[in-house]
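Trainee: Mind having a look at this structure? Questions to follow.
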Number of protein chains: 2
Amino acid sequence: MSGDAEITRLKPGRRTDIRRENERAILEAAEKVFAEAGFGGATMQLIADMAGLPKANLHYYFATKEDLYRRVVQQIFEIWLDAASSFDDAPGPVEGIGAYIDAKMDISRTHPHGSKVWASEVMHGAPVIQDYLETTLRDWTEGRIAVIRRWIDEGKMRPVDPRHLLYLLWATTQHYADFGHQIQTLNAGKPLSDRQWAEAKASVKDMVLRGIGAI
Amino acid sequence: MSGDAEITRLKPGRRTDIRRENERAILEAAEKVFAEAGFGGATMQLIADMAGLPKANLHYYFATKEDLYRRVVQQIFEIWLDAASSFDDAPGPVEGIGAYIDAKMDISRTHPHGSKVWASEVMHGAPVIQDYLETTLRDWTEGRIAVIRRWIDEGKMRPVDPRHLLYLLWATTQHYADFGHQIQTLNAGKPLSDRQWAEAKASVKDMVLRGIGAI
DNA sequence: ATTCTTGTTGACCGATTGGTCAGGTTGTGC
DNA sequence: GCACAACCTGACCAATCGGTCAACAAGAAT
């Protein structure tokens, strides 16, 4: 599907490093292959080639294709959860939601593959991370809704539905990763430049923060 | 992946009807299977079972899996293009963009499968509809940007970047289809009710139209 | 230096896949 | 009712897949 060169593998080093380095290379390759081909379209052989390892070696580190896939999905989920810290320790929506948009837009640029894998997983009914949705994500969402409600009560933003605000934030920021190819095509076929990414972030923040009456 | 019953097939009827009816049943089943399993994960056998036809019959109407897939993708694209008529013959952004949001939200509810297939296709680099992106979609986008620019010049909305506004519209409305499973999980596991869908549409319109200074 | 654990790999296997095809059935125009 | 074209389908095939395994190489502990 793409003739990309193989993922860069660092030096082997000591015994402890071998495992860590190989798992890293495999996960990096897997993230890319799963994103570009989907779970069903991805093959262990292709991941192995891209990681620069024989296929049998993948099964030494990851028992099954599904195990490997689950690790990739968990990875992007944790990265997103970390980005949410911007939300909590903020005095108001301008700082909190503004920083959250910045963080998620940055992740869309630096981890586009992971975002696509997550989207694909959810679109297929979340067969392997349903429990995450029902526990971690649900709790996280409730917490953030409480913060938004507080801001509304304090008069720092208009009384919008916190849930649909969160959906709008997720949708818009992740769109720049998941639909990056479409955006690139509409950008004369070239990836967004540094300047264009800055403009995108500014545009999104401007529209959202005004939309909720925070500025 | 799901134990759903097979797609309802209408009566055969006359000779001309046979082809039309069978193609319809196949496309309906294919849309669902491609959406739930992805292109790589979908099997012609599963589509055939869901359409209530032997597998060999699918290949009688659609030469290859890719041909069938292409037809499904084209279908949702045309539906979306039709929804854009709301955009043009509108005096201003409140009516135009408001109606566009309504139309796209309705499609997300009535055609969630098609939306997912499109999302999946774009995420995988649009291997089979790249020409559509470069011709039809690009032209459509330029036309809508011109309309938005005119509204801005006429002082009917703030001077936001039309391109990022369109991305926000696409992302937000399609999110309710593509991430419908996640939304349902966060809604106590139940699909959005009629009332909740109405609230979603109202929330999105409210935030977006205020975000661009149209109200 | 010996032993044990960890890492490496080519060859292999059963299962599944998209696609084919020959031979049959059914509707339609004449 | 005859002939032609459209439609139908069970059986089959080559290719590919995820996963296994036995034999081997290499670092670590003693």
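To be explicit about the labels: the chains of the structure tokens are called A, B, and onward in the order shown, and within each one the residues are counted from 1, while ligands get numbers from 1 in the order they are shown.
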Quick one: which residues from chain A are at most 8 Å off chain B, using only C-alpha atoms, as a PyMOL selection string?

Mentor: chain A and resi 35-42+116+119-120+122-126+133-134+138+160-161+164+167-168+171-172+175+178-182+185-186+200+203-204+206-213

Trainee: Mind dumping the selected residues with N, CA and C atoms as a CSV table (one decimal), in the first residue's frame?

Mentor:
```csv
chain,number,residue,atom,x,y,z
A,35,ALA,N,-2.9,1.8,10.9
A,35,ALA,CA,-3.5,3.1,10.5
A,35,ALA,C,-3.8,3.1,9.0
A,36,GLU,N,-2.8,2.6,8.3
A,36,GLU,CA,-2.9,2.7,6.8
A,36,GLU,C,-3.7,1.6,6.2
A,37,ALA,N,-3.9,0.5,6.8
A,37,ALA,CA,-4.6,-0.7,6.2
A,37,ALA,C,-5.7,-1.2,7.1
A,38,GLY,N,-5.9,-0.7,8.3
A,38,GLY,CA,-6.9,-1.2,9.2
A,38,GLY,C,-6.5,-2.5,9.8
A,39,PHE,N,-7.2,-3.0,10.8
A,39,PHE,CA,-6.9,-4.2,11.4
A,39,PHE,C,-6.9,-5.4,10.5
A,40,GLY,N,-8.0,-5.5,9.7
A,40,GLY,CA,-8.2,-6.6,8.8
A,40,GLY,C,-7.2,-6.5,7.6
A,41,GLY,N,-6.9,-5.4,7.2
A,41,GLY,CA,-6.0,-5.2,6.0
A,41,GLY,C,-4.5,-5.3,6.4
A,42,ALA,N,-4.2,-5.1,7.7
A,42,ALA,CA,-2.8,-5.2,8.1
A,42,ALA,C,-2.4,-6.6,8.2
A,116,LYS,N,-5.8,7.6,14.0
A,116,LYS,CA,-6.5,6.8,13.0
A,116,LYS,C,-6.9,5.4,13.5
A,119,ALA,N,-9.7,5.8,15.8
A,119,ALA,CA,-11.0,6.1,15.1
A,119,ALA,C,-11.5,4.8,14.5
A,120,SER,N,-10.6,4.1,13.9
A,120,SER,CA,-11.0,2.8,13.2
A,120,SER,C,-11.6,1.8,14.2
A,122,VAL,N,-13.0,2.5,17.1
A,122,VAL,CA,-14.4,2.9,17.6
A,122,VAL,C,-15.4,2.7,16.5
A,123,MET,N,-15.0,3.0,15.2
A,123,MET,CA,-16.0,2.9,14.1
A,123,MET,C,-16.4,1.4,14.0
A,124,HIS,N,-15.5,0.5,14.3
A,124,HIS,CA,-15.9,-0.9,14.2
A,124,HIS,C,-16.6,-1.4,15.4
A,125,GLY,N,-17.0,-0.5,16.3
A,125,GLY,CA,-17.7,-1.0,17.5
A,125,GLY,C,-16.9,-1.2,18.7
A,126,ALA,N,-15.6,-0.8,18.6
A,126,ALA,CA,-14.7,-0.9,19.8
A,126,ALA,C,-14.6,-2.3,20.3
A,133,LEU,N,-13.8,2.4,27.2
A,133,LEU,CA,-14.8,3.4,27.0
A,133,LEU,C,-15.8,3.5,28.2
A,134,GLU,N,-16.1,2.3,28.7
A,134,GLU,CA,-17.1,2.3,29.8
A,134,GLU,C,-16.5,2.6,31.1
A,138,ARG,N,-15.4,7.1,30.3
A,138,ARG,CA,-16.6,7.6,30.9
A,138,ARG,C,-16.3,8.5,32.2
A,160,VAL,N,-23.7,26.2,27.5
A,160,VAL,CA,-23.8,25.2,26.4
A,160,VAL,C,-23.8,23.8,27.0
A,161,ASP,N,-24.3,22.9,26.2
A,161,ASP,CA,-24.3,21.5,26.7
A,161,ASP,C,-22.8,20.9,26.7
A,164,HIS,N,-21.9,18.0,24.3
A,164,HIS,CA,-21.7,18.2,22.8
A,164,HIS,C,-20.5,19.2,22.6
A,167,TYR,N,-17.7,16.7,22.4
A,167,TYR,CA,-17.8,16.0,21.1
A,167,TYR,C,-17.2,16.9,20.0
A,168,LEU,N,-17.6,18.2,20.0
A,168,LEU,CA,-17.1,19.1,19.0
A,168,LEU,C,-15.6,19.2,19.1
A,171,ALA,N,-14.0,15.9,17.8
A,171,ALA,CA,-14.2,15.8,16.4
A,171,ALA,C,-13.3,16.7,15.6
A,172,THR,N,-13.3,17.9,16.0
A,172,THR,CA,-12.5,18.9,15.3
A,172,THR,C,-11.0,18.7,15.3
A,175,HIS,N,-10.0,15.5,13.6
A,175,HIS,CA,-10.2,15.6,12.1
A,175,HIS,C,-8.9,15.9,11.4
A,178,ASP,N,-7.2,12.3,11.4
A,178,ASP,CA,-7.9,11.3,10.7
A,178,ASP,C,-8.2,11.6,9.2
A,179,PHE,N,-8.5,12.8,9.0
A,179,PHE,CA,-8.8,13.3,7.6
A,179,PHE,C,-7.6,14.1,7.0
A,180,GLY,N,-6.4,13.8,7.6
A,180,GLY,CA,-5.3,14.6,7.1
A,180,GLY,C,-5.0,14.4,5.6
A,181,HIS,N,-5.3,13.3,5.1
A,181,HIS,CA,-5.1,13.1,3.7
A,181,HIS,C,-6.0,14.0,2.8
A,182,GLN,N,-7.3,14.1,3.3
A,182,GLN,CA,-8.2,14.9,2.6
A,182,GLN,C,-7.8,16.4,2.7
A,185,THR,N,-5.0,17.0,0.4
A,185,THR,CA,-5.4,17.1,-1.0
A,185,THR,C,-6.0,18.4,-1.3
A,186,LEU,N,-6.8,19.0,-0.4
A,186,LEU,CA,-7.4,20.3,-0.6
A,186,LEU,C,-6.4,21.4,-0.4
A,200,ALA,N,-4.4,26.9,11.7
A,200,ALA,CA,-5.5,26.0,12.1
A,200,ALA,C,-5.8,26.0,13.5
A,203,SER,N,-7.5,29.2,14.3
A,203,SER,CA,-8.9,29.3,13.8
A,203,SER,C,-9.8,28.4,14.7
A,204,VAL,N,-9.4,27.2,15.0
A,204,VAL,CA,-10.3,26.4,15.8
A,204,VAL,C,-10.5,27.0,17.2
A,206,ASP,N,-10.3,30.1,18.1
A,206,ASP,CA,-11.2,31.3,17.9
A,206,ASP,C,-12.6,30.9,17.8
A,207,MET,N,-12.9,30.0,16.9
A,207,MET,CA,-14.3,29.7,16.6
A,207,MET,C,-15.0,29.0,17.8
A,208,VAL,N,-14.2,28.1,18.5
A,208,VAL,CA,-14.8,27.4,19.6
A,208,VAL,C,-15.0,28.3,20.8
A,209,LEU,N,-14.0,29.1,21.1
A,209,LEU,CA,-14.0,29.9,22.3
A,209,LEU,C,-15.1,31.0,22.2
A,210,ARG,N,-15.3,31.5,21.0
A,210,ARG,CA,-16.3,32.4,20.7
A,210,ARG,C,-17.7,31.7,20.7
A,211,GLY,N,-17.7,30.5,20.2
A,211,GLY,CA,-18.9,29.8,20.2
A,211,GLY,C,-19.5,29.5,21.5
A,212,ILE,N,-18.6,29.3,22.5
A,212,ILE,CA,-19.1,29.1,23.9
A,212,ILE,C,-19.2,30.3,24.7
A,213,GLY,N,-18.9,31.5,24.1
A,213,GLY,CA,-19.0,32.8,24.8
A,213,GLY,C,-17.9,33.0,25.8
```

Trainee: Within 10 Å of chain B, which residues belong to chain C? Use only C-alpha atoms (C1' of nucleotides) and report them as a ChimeraX atom specification.

Mentor: /C:16-20,26-28

Trainee: Kindly export the residues of the current selection with C-alpha atoms (C1' of nucleotides), as an mmCIF file, in the first residue's frame.

Mentor:
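Written output follows (part25.cif):
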```cif
data_model
loop_
_atom_site.group_PDB
_atom_site.id
_atom_site.type_symbol
_atom_site.label_atom_id
_atom_site.label_comp_id
_atom_site.auth_asym_id
_atom_site.auth_seq_id
_atom_site.Cartn_x
_atom_site.Cartn_y
_atom_site.Cartn_z
ATOM 1 C "C1'" DT C 16 -9.774 -18.605 4.970
ATOM 2 C "C1'" DT C 17 -9.940 -15.586 1.148
ATOM 3 C "C1'" DG C 18 -11.328 -13.465 -3.570
ATOM 4 C "C1'" DG C 19 -12.369 -15.116 -7.652
ATOM 5 C "C1'" DT C 20 -13.618 -18.723 -11.480
ATOM 6 C "C1'" DT C 26 -35.819 -18.666 -15.765
ATOM 7 C "C1'" DG C 27 -37.883 -14.817 -18.131
ATOM 8 C "C1'" DT C 28 -38.729 -12.629 -22.887
#
```

Trainee: With distances taken over only C-alpha atoms (C1' of nucleotides), which residue among A:Ala30, A:Ile145, A:Ile152, A:Ile18 lies nearest chain D?

Mentor: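 Looking at the shortest contact to chain D, the residue is A:Ile18.
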
Trainee: When you get a sec, could you note down which chain D residues fall within 10 Å of chain A, using only C-alpha atoms (C1' of nucleotides), as a PyMOL selection string?

Mentor: chain D and resi 16-20+26-28

Trainee: What's the separation between CA of Phe77 (chain A) and CA of Lys104 (chain B), in Å to one decimal place?

Mentor: 28.0 Å

Trainee: Select from region 84-182 of chain A everything DSSP, run on the backbone, classes as helix (DSSP H, G or I), then give the selection as an MDAnalysis selection string.

Mentor: chainID A and resid 85:88 93:110 112:123 130:153 162:178 180:182

Trainee: Could you name the residues that touch region 21-23 of chain D at 12 Å or less, counting only C-alpha atoms (C1' of nucleotides), but leaving out those on the same chain fewer than 4 positions away, as a list in words?

Mentor: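 Contacts, with the query itself left out: Ala56 of chain A; DT8, DT9, DG10, DA11, DC12 and DC13 of chain C.
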
Trainee: At what distance in Å, to one decimal, does CA of Ile76 (chain B) lie from CA of Met105 (chain B)?

Mentor: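 We find that CA of Met105 (chain B) and CA of Ile76 (chain B) lie 13.6 Å from each other.
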
Trainee: Residues at most 10 Å from DC8 (chain D), counting only C-alpha atoms (C1' of nucleotides), excluding those fewer than 4 positions away in the same chain, as a VMD selection string?

Mentor: (chain B and resid 53 to 54 56 to 57 60) or (chain C and resid 24 to 26)

Trainee: Which distance in Å separates CA of Pro93 (chain B) and CA of Val147 (chain B), to one decimal?

Mentor: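 Calculated distance between CA of Pro93 (chain B) and CA of Val147 (chain B) is 9.2 Å.
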
Trainee: Find the spatial neighbours of Ile26 (chain A), counting only C-alpha atoms (C1' of nucleotides), within a cut-off of 8 Å - ignore same-chain residues fewer than 6 positions away - and output them as a ChimeraX atom specification.

Mentor: /A:47-48,51,58

Trainee: Write the residues you've just listed into a file as a tab-separated table (two decimals), in the first residue's frame, and include N, CA and C atoms for each of them.

Mentor:
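Here's the written file again17.tsv:
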```
chain	number	residue	atom	x	y	z
A	47	ILE	N	4.13	-5.67	8.91
A	47	ILE	CA	4.63	-5.02	10.12
A	47	ILE	C	6.06	-5.47	10.39
A	48	ALA	N	6.30	-6.77	10.21
A	48	ALA	CA	7.63	-7.30	10.45
A	48	ALA	C	8.65	-6.67	9.50
A	51	ALA	N	9.40	-3.19	10.50
A	51	ALA	CA	10.19	-3.11	11.73
A	51	ALA	C	11.58	-3.70	11.53
A	58	LEU	N	8.08	-11.33	15.70
A	58	LEU	CA	6.95	-10.55	16.22
A	58	LEU	C	6.15	-11.38	17.21
```
